[in-house]
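Worksheet for the structure shown next.
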Amino acid sequence: ADRRSVLFQSNSHEISGMLDVYRVGVDGGTPMPVAADRYTTEYFAAPSPGGDAVAITARANAGSQWWRKGHSHLDESELWQKTGDNYTKLTEGGAKQMWPMATADGSKVYFMSDRNGPQNIWVMVRGQQAKQVTNFTDGRVLWANMSYDGQEIVFNRNFKISKLKTSDGKVADVPI
């Protein structure tokens with residue numbers, strides 16, 4: 001979001017299988033840890049527009065097993081926001097919740113969740129409970145990503161690229 005750095009996940013530290021989130025400048029340099037809890041895997045991060053906070057997916061194996069179809073306790077993850085050294089829990093466990101995406105004004109975080117069964121896009125307005133945006137009854141929502149202006153979210157669903165307009169919640173397949 002700050003257009004100066006890129007966030008990525010890596011399992012390069014000493015605990016095998018654990019993912020952490022790092023930041024590196026767009027021109028290169030030394031990657032610096034953003035979320036590197038020693039005993040919690042953290043992945044699929046999204047910076048806030050001002051760059052002062054990062055929404056991350058944490059816990060479970062969903063980061064390395066995103067391809068798994070159906071619900072499993074192994075994939076139950078949570079969303080957290082990290083601001084400075086402070087963590088704030090955004091969602092409870094009990095569901096696969098991934099690919100957090102903050103709007104340009106920072107007032108909302110969109111994400112994928114299977115908390116009501118099928119995978120759908122959800123939105124959490126700051127200070128409120130999360131609400132389901134899409135109403136898919138089957139299939140998976142994968143690799144969701146928001147446009148810079150926050151007007152659209154693109155994602156893979158049933159081997160197609162789909163686009164969600166955040167203003168009205170309408171979904172359309174993208175012709176390829």
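Note on naming: chains are A, B, ... as they come in the structure tokens, residues start from 1 per chain, ligands start from 1 in the order shown.
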Problem - strand (DSSP E) per DSSP on the backbone: members of range 55-141 of chain A, as a VMD selection string - result: chain A and resid 55 to 58 78 to 83 86 to 89 97 to 102 108 to 113 120 to 125 131 to 132 141
Could those selected residues go to a file with C-alpha atoms, as a JSON list (two decimals), in the first residue's frame?
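Result saved to again.json:
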[["chain", "number", "residue", "atom", "x", "y", "z"],
["A", 55, "ALA", "CA", -3.37, -7.36, 8.68],
["A", 56, "ILE", "CA", -2.08, -10.93, 8.79],
["A", 57, "THR", "CA", -3.42, -14.46, 8.75],
["A", 58, "ALA", "CA", -2.07, -16.46, 11.68],
["A", 78, "GLU", "CA", -7.39, -16.15, 12.57],
["A", 79, "LEU", "CA", -6.89, -12.62, 11.30],
["A", 80, "TRP", "CA", -4.81, -10.20, 13.34],
["A", 81, "GLN", "CA", -3.71, -6.61, 12.92],
["A", 82, "LYS", "CA", -0.20, -5.66, 13.94],
["A", 83, "THR", "CA", 0.48, -1.99, 14.68],
["A", 86, "ASN", "CA", 0.93, -4.54, 19.33],
["A", 87, "TYR", "CA", -1.34, -7.27, 17.98],
["A", 88, "THR", "CA", -5.14, -6.91, 17.81],
["A", 89, "LYS", "CA", -7.29, -9.96, 17.06],
["A", 97, "GLN", "CA", -9.82, -17.13, 7.20],
["A", 98, "MET", "CA", -7.23, -15.82, 4.76],
["A", 99, "TRP", "CA", -6.18, -13.12, 2.32],
["A", 100, "PRO", "CA", -6.95, -9.99, 4.36],
["A", 101, "MET", "CA", -7.30, -6.83, 2.22],
["A", 102, "ALA", "CA", -7.57, -3.32, 3.68],
["A", 108, "LYS", "CA", -12.63, -1.98, 6.22],
["A", 109, "VAL", "CA", -10.83, -5.28, 5.93],
["A", 110, "TYR", "CA", -12.10, -7.82, 3.40],
["A", 111, "PHE", "CA", -11.07, -11.47, 3.64],
["A", 112, "MET", "CA", -12.00, -15.03, 2.65],
["A", 113, "SER", "CA", -13.67, -17.22, 5.26],
["A", 120, "ASN", "CA", -16.97, -16.60, 0.68],
["A", 121, "ILE", "CA", -15.69, -13.03, 0.82],
["A", 122, "TRP", "CA", -16.41, -11.24, 4.09],
["A", 123, "VAL", "CA", -15.94, -7.65, 5.24],
["A", 124, "MET", "CA", -15.19, -6.24, 8.65],
["A", 125, "VAL", "CA", -15.90, -2.56, 9.18],
["A", 131, "LYS", "CA", -20.43, -9.67, 7.51],
["A", 132, "GLN", "CA", -20.59, -12.08, 4.59],
["A", 141, "VAL", "CA", -12.37, -18.65, -3.10]]
Exercise for the section: Give me the residues within 6 Å of Leu19 in chain A as a list in words, counting only C-alpha atoms and dropping any in the same chain fewer than 6 places off. Expected result: Ser10, Asn11, Thr41 and Glu42 of chain A
Problem - Pick from A:Gly169, A:Pro175, A:Gly117, A:Gly106, whichever lies nearest to Thr134 in chain A using only C-alpha atoms - result: A:Gly169
Handout entry: Among listed residues A:Arg59, A:Ala53, A:Glu92, A:Phe155, nearest Ala130 in chain A (using only C-alpha atoms)
Key = A:Glu92
Problem - A:Gly139, A:Pro31, A:Gly127, A:Gly93 ranked by distance to Ser107 in chain A, top pick (using only C-alpha atoms) - result: A:Gly127
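In this structure, CA of Met32 in chain A sits 25.0 Å away from CA of Ser147 in chain A.
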Completion exercise
From CA of Arg115 in chain A to CA of Val21 in chain A the spacing works out at 24.3 Å
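With CA of Ser162 in chain A on one side and CA of Thr137 in chain A on the other, the separation reads 15.4 Å.
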